[in-house]
Amino acid sequence: MKKTLLALAATGALCGAPLAQAADALPANFLYDTGTKNKTIWPKPVANSGVVKYNEHRQDLSRWPSLSYQDHRSTKKPETVALQGPLNGNADNGKKLAMNNQKGNCWACHALPGDPQPGSGGPTLLNAGTWRYTDANMYQQIWDRRVANPATVMPPFGTNGALSDQEIRDIVAYLQSLK
Ligand code: HEC
């Protein structure tokens, strides 16, 4: 009886505000506890295949939910594309698209002129026009960078339909103008 009361008192103490907050923090051993049942999973794309496999976390992380736990869609396969005809890109529009966070949002990861807080995830694009990339090669990088680097974090803007053919042409024209 005495033991039960003590246990209840301890449970009550755990419900106190400061402790409840601490309980929301990730456990220190969250990657290493191999004994945990009910493990959650994390997506692991198989390079160049369009297939996503799922590995188990070594702990049950369902208290810290993420959409990736429910989203089992496979990714589209990397696409190699050939730029058709002359570029016909509008660099001014390309600049707008690159800096529009509903469109290219390139500056989230890359440095671009006029960007007050350059992204540092990818290489700077400040001098992209001096790289001597052909228009077709530049177009491919934006259409689907996974062809060059299967493990890239850069979204495949063309393959995913995030940018149209003409929008990518405009961005290529803009990048080629950066010298
Ligand atoms: C989520 C971050 C991210 C976004 C958004 C992003 N990129 Fe990238 N990009 C990268 C990274 C990282 C690399 C280089 C390493 C790699 O392949 O992942 C890269 C590589 C490139 C390259 C090739 C560079 C080379 O040396 O060949 C070009 C060109 C490029 N990005 C242009 C763009 C453009 C244009 C946009 C917007 C339409 C954009 N990126 C959006 C992360 C991003």
# chains A, B, ... in the order shown; residues from 1 in each chain; ligands from 1
$ residues_near_ligand --ligand "ligand 1" --cutoff "8 Å" --atoms "only C-alpha atoms and all ligand atoms" --output "short mmCIF file (atom, residue, chain, number, x, y, z; two decimals) with C-alpha atoms, in the first residue's frame"
data_model
loop_
_atom_site.label_atom_id
_atom_site.label_comp_id
_atom_site.auth_asym_id
_atom_site.auth_seq_id
_atom_site.Cartn_x
_atom_site.Cartn_y
_atom_site.Cartn_z
CA LEU A 97 11.83 32.62 -60.68
CA ALA A 98 15.14 31.87 -58.94
CA LYS A 103 8.98 28.72 -57.72
CA GLY A 104 12.72 28.00 -58.01
CA ASN A 105 13.65 29.16 -54.52
CA CYS A 106 17.25 28.60 -55.65
CA TRP A 107 18.53 31.13 -53.15
CA ALA A 108 17.44 28.89 -50.27
CA CYS A 109 20.51 26.79 -51.09
CA HIS A 110 22.67 28.87 -53.45
CA GLY A 121 23.82 24.33 -49.03
CA GLY A 122 24.93 24.32 -52.66
CA PRO A 123 27.76 25.95 -54.63
CA LEU A 125 25.82 30.66 -58.47
CA ALA A 128 27.61 30.53 -62.93
CA MET A 138 22.80 23.86 -67.27
CA TYR A 139 19.25 22.94 -68.28
CA GLN A 141 21.16 20.38 -63.77
CA ILE A 142 17.91 22.19 -63.06
CA ARG A 145 20.40 17.15 -60.85
CA ARG A 146 20.19 13.52 -59.76
CA ALA A 148 24.91 14.10 -62.14
CA ASN A 149 24.68 13.27 -58.45
CA PRO A 150 22.21 10.56 -57.36
CA ALA A 151 22.55 11.61 -53.72
CA THR A 152 21.88 15.32 -54.34
CA VAL A 153 19.53 17.27 -52.11
CA MET A 154 18.59 19.58 -54.99
CA PRO A 155 14.98 19.01 -56.04
CA PHE A 157 12.50 20.76 -60.77
CA LEU A 163 9.14 24.35 -63.10
CA ILE A 168 13.88 26.39 -66.73
CA ILE A 171 16.59 30.38 -65.32
CA VAL A 172 19.36 29.00 -67.55
CA LEU A 175 22.53 31.82 -64.74
#
$ closest_residue --among "A:Val147, A:Ile41, A:Ala162, A:Gly119" --to "Gln102 (chain A)" --atoms "only C-alpha atoms"
A:Ala162
$ residues_around --residues "Asn88 (chain A)" --least-positions-apart "6" --cutoff "9 Å" --atoms "only C-alpha atoms" --output "number ranges by chain"
A: 166, 169-170, 173
$ atom_distance --atom1 "CA of Ser164 (chain A)" --atom2 "CA of Thr75 (chain A)"
18.7 Å
$ residues_around --residues "region 81-84 of chain A" --least-positions-apart "5" --cutoff "8 Å" --atoms "only C-alpha atoms" --output "VMD selection string"
chain A and resid 135 to 136 139 to 140 143
$ write_last_selection --atoms "N, CA and C atoms" --output "compact mmCIF listing (two decimals), in the first residue's frame"
# COMPACT_ATOMS: atom_id res chain seq x y z
N ASP A 135 24.28 25.52 -72.53
CA ASP A 135 22.90 25.73 -72.08
C ASP A 135 22.26 24.37 -71.76
N ALA A 136 22.55 23.38 -72.60
CA ALA A 136 21.93 22.07 -72.42
C ALA A 136 22.36 21.45 -71.08
N TYR A 139 20.68 23.31 -68.26
CA TYR A 139 19.25 22.94 -68.28
C TYR A 139 19.06 21.60 -67.55
N GLN A 140 19.96 20.66 -67.85
CA GLN A 140 19.86 19.34 -67.23
C GLN A 140 20.00 19.43 -65.70
N TRP A 143 16.71 20.62 -64.48
CA TRP A 143 15.64 19.65 -64.75
C TRP A 143 15.73 18.49 -63.76
$ select_by_dssp --residues "region 71-177 of chain A" --states "helix (DSSP H, G or I)" --output "VMD selection string"
chain A and resid 91 to 98 106 to 108 128 to 130 135 to 143 145 to 147 165 to 176
